[in-house]
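Student: Pasting a structure below so you can have a look.
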Amino acid sequence: ARLANSVLTQTDLSGAVLAGASLGKAELASADLSEADLTRAIISGADFTGATLAGADLSGIDLVHETIFVEADLSGIKAPELYVLECDLSRATLAGADLQKTAVLRSKMEETDLSGANLTALQLIKVQARGCRMPGATATQLATALGSDFTGADFSGADLSTANFRQAVLSSASFAQARLDSADFYEADLCGAQLQQVSALQTRFIGANLTDAGLQQANFLGASFMGASLTRADMQGCQLYDTNALFAQCQGVLLEGARITRCKLQQYAEEEQG
């Protein structure tokens, strides 16, 4: 179907078969495309503001050149290996979506809801995702780059094992009860972040800023905080077995009830207690 530049605002296209259709620059604000077949469709530059695409199949398409999904409902969509470039997904709902091996570049995802989504091997490059929500998501091997901004984001309960957050902005983000095993937070900004009860086995926080972070009752077995700032961090009740905090800044760190064994942080515990 050739629907490029068409005005389809508030149109009911639920369940429609639009495989391979041309929808470039079409106006689809508030349209209903739930359960629609959009496989291999061309939708570059289309406006889906407030549209409903719940359960739609977007396999084999690219979202490029300012395609707009602001406040759209994309929950449960099928879009593995999606390529997203310069799109706006702010305040969109992608709960339970299949986005494994998807790449998102220079796009907006502010306050986007990705709760329970499959984000395995998701790549986020130069993405603005302040307030983005990923609670309970499966995001193993997730990778960020070029200073993506996740200020105030919610990763609580998510599986972020082996994720790469190198140099990401994560201030005031919540990782409570998340799985961070073998993840990399090299030089990440985690100022004021909440990491209570996380599993962070062999996780790297080298050079990270954890000033005022909440790390209570977390498991940091084999983790590295070399050169990190732990100033005023709350590490009460943590498990710090074989943890490396060489050259870390630990002024005012709270360690009451922490289990400290065979780790370089031992010297700071003694200083604080003294």
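For the structure tokens, the naming scheme is as follows: chains receive sequential letters (A, B, ...) according to their order of presentation, residues are indexed from 1 within each chain, and ligands are indexed from 1 in presentation order.
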Run DSSP on the backbone of this structure and report the residues of stretch 115-196 of chain A it assigns to strand (DSSP E or B), as a list in words.

Tutor: Asn118, Gln123, Leu124, Ile125, Gln128, Arg133, Thr138, Ala143, Thr144, Ala145, Asp149, Asp154, Asp159, Asn164, Val169, Ser174, Arg179, Asp184, Asp189 and Gln194 of chain A

Student: Show me, as a list in words, the residues that have an atom within 9 Å of A:Glu81 when counting only C-alpha atoms, minus same-chain residues fewer than 3 positions from it.

Tutor: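 These residues fall inside the cut-off: Ser59, Gly60, Ile61, Leu99, Gln100, Lys101, Thr102, Ala103 and Leu122 of chain A.
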
Student: Write out as a ChimeraX atom specification which residues come within 8 Å of A:Ser44 when counting only C-alpha atoms, dropping same-chain ones fewer than 6 positions away.

Tutor: /A:23-25,62-67

Student: How would the residues just chosen look if you wrote them out with all heavy atoms as an mmCIF file, in the first residue's frame?

Tutor:
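The file below, part38.cif, is the result:
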```cif
data_model
loop_
_atom_site.group_PDB
_atom_site.id
_atom_site.type_symbol
_atom_site.label_atom_id
_atom_site.label_comp_id
_atom_site.auth_asym_id
_atom_site.auth_seq_id
_atom_site.Cartn_x
_atom_site.Cartn_y
_atom_site.Cartn_z
ATOM 1 N N LEU A 23 4.632 4.233 4.355
ATOM 2 C CA LEU A 23 3.950 5.158 5.258
ATOM 3 C C LEU A 23 4.838 6.361 5.598
ATOM 4 O O LEU A 23 4.611 7.039 6.590
ATOM 5 C CB LEU A 23 3.545 4.437 6.544
ATOM 6 C CG LEU A 23 2.442 3.367 6.420
ATOM 7 C CD1 LEU A 23 2.449 2.462 7.639
ATOM 8 C CD2 LEU A 23 1.094 4.033 6.250
ATOM 9 N N GLY A 24 5.844 6.599 4.794
ATOM 10 C CA GLY A 24 6.771 7.685 5.060
ATOM 11 C C GLY A 24 6.070 9.022 5.197
ATOM 12 O O GLY A 24 5.246 9.390 4.357
ATOM 13 N N LYS A 25 6.355 9.724 6.291
ATOM 14 C CA LYS A 25 5.814 11.048 6.586
ATOM 15 C C LYS A 25 4.288 11.079 6.704
ATOM 16 O O LYS A 25 3.669 12.154 6.611
ATOM 17 C CB LYS A 25 6.286 12.073 5.548
ATOM 18 C CG LYS A 25 7.803 12.269 5.543
ATOM 19 C CD LYS A 25 8.232 13.365 4.594
ATOM 20 C CE LYS A 25 9.738 13.566 4.649
ATOM 21 N NZ LYS A 25 10.185 14.645 3.730
ATOM 22 N N ASP A 62 13.049 -0.047 9.836
ATOM 23 C CA ASP A 62 13.951 0.913 10.460
ATOM 24 C C ASP A 62 13.158 2.155 10.842
ATOM 25 O O ASP A 62 12.280 2.599 10.085
ATOM 26 C CB ASP A 62 15.072 1.320 9.497
ATOM 27 C CG ASP A 62 15.996 0.162 9.145
ATOM 28 O OD1 ASP A 62 16.150 -0.737 9.988
ATOM 29 O OD2 ASP A 62 16.547 0.167 8.027
ATOM 30 N N LEU A 63 13.447 2.689 12.021
ATOM 31 C CA LEU A 63 12.819 3.929 12.465
ATOM 32 C C LEU A 63 13.862 5.029 12.351
ATOM 33 O O LEU A 63 14.743 5.155 13.187
ATOM 34 C CB LEU A 63 12.328 3.804 13.912
ATOM 35 C CG LEU A 63 11.387 2.629 14.226
ATOM 36 C CD1 LEU A 63 10.971 2.678 15.692
ATOM 37 C CD2 LEU A 63 10.160 2.666 13.333
ATOM 38 N N VAL A 64 13.784 5.805 11.292
ATOM 39 C CA VAL A 64 14.817 6.801 11.039
ATOM 40 C C VAL A 64 14.203 8.144 10.656
ATOM 41 O O VAL A 64 13.017 8.251 10.339
ATOM 42 C CB VAL A 64 15.775 6.331 9.915
ATOM 43 C CG1 VAL A 64 16.486 5.061 10.335
ATOM 44 C CG2 VAL A 64 15.006 6.082 8.611
ATOM 45 N N HIS A 65 15.070 9.159 10.723
ATOM 46 C CA HIS A 65 14.730 10.495 10.242
ATOM 47 C C HIS A 65 13.467 11.072 10.896
ATOM 48 O O HIS A 65 12.453 11.319 10.254
ATOM 49 C CB HIS A 65 14.587 10.502 8.723
ATOM 50 C CG HIS A 65 15.811 10.001 8.004
ATOM 51 N ND1 HIS A 65 17.080 10.447 8.301
ATOM 52 C CD2 HIS A 65 15.952 9.062 7.040
ATOM 53 C CE1 HIS A 65 17.951 9.821 7.527
ATOM 54 N NE2 HIS A 65 17.309 8.975 6.768
ATOM 55 N N GLU A 66 13.570 11.246 12.224
ATOM 56 C CA GLU A 66 12.564 11.967 12.981
ATOM 57 C C GLU A 66 11.178 11.320 12.957
ATOM 58 O O GLU A 66 10.156 12.009 12.946
ATOM 59 C CB GLU A 66 12.482 13.419 12.494
ATOM 60 C CG GLU A 66 13.810 14.165 12.674
ATOM 61 C CD GLU A 66 13.737 15.618 12.241
ATOM 62 O OE1 GLU A 66 12.670 16.031 11.744
ATOM 63 O OE2 GLU A 66 14.725 16.330 12.421
ATOM 64 N N THR A 67 11.120 10.011 12.961
ATOM 65 C CA THR A 67 9.848 9.329 13.177
ATOM 66 C C THR A 67 9.433 9.595 14.625
ATOM 67 O O THR A 67 10.244 9.490 15.537
ATOM 68 C CB THR A 67 9.993 7.818 12.930
ATOM 69 O OG1 THR A 67 10.539 7.617 11.627
ATOM 70 C CG2 THR A 67 8.638 7.117 13.004
#
```

Student: Considering only C-alpha atoms, return as a compact mmCIF listing (two decimals) with N, CA and C atoms, in the first residue's frame whatever protein or nucleic-acid residues lie within 8 Å of A:Val104, sequence-local ones (same chain, fewer than 6 positions apart) excluded.

Tutor:
```txt
# COMPACT_ATOMS: atom_id res chain seq x y z
N TYR A 83 16.37 -0.92 14.08
CA TYR A 83 17.35 0.16 13.98
C TYR A 83 16.62 1.48 14.12
N VAL A 84 16.98 2.24 15.16
CA VAL A 84 16.29 3.49 15.47
C VAL A 84 17.29 4.64 15.40
N LEU A 85 17.04 5.62 14.54
CA LEU A 85 17.96 6.74 14.38
C LEU A 85 17.18 8.05 14.39
N LEU A 122 20.62 -4.76 23.67
CA LEU A 122 20.19 -3.44 23.20
C LEU A 122 21.37 -2.48 23.21
N GLN A 123 21.51 -1.68 22.15
CA GLN A 123 22.58 -0.67 22.07
C GLN A 123 21.94 0.72 22.12
N LEU A 124 22.42 1.56 23.03
CA LEU A 124 21.90 2.90 23.19
C LEU A 124 23.07 3.88 23.03
N ILE A 125 23.10 4.58 21.92
CA ILE A 125 24.23 5.45 21.59
C ILE A 125 23.77 6.90 21.50
N VAL A 127 21.88 8.60 23.54
CA VAL A 127 20.44 8.61 23.75
C VAL A 127 20.10 9.46 24.98
```
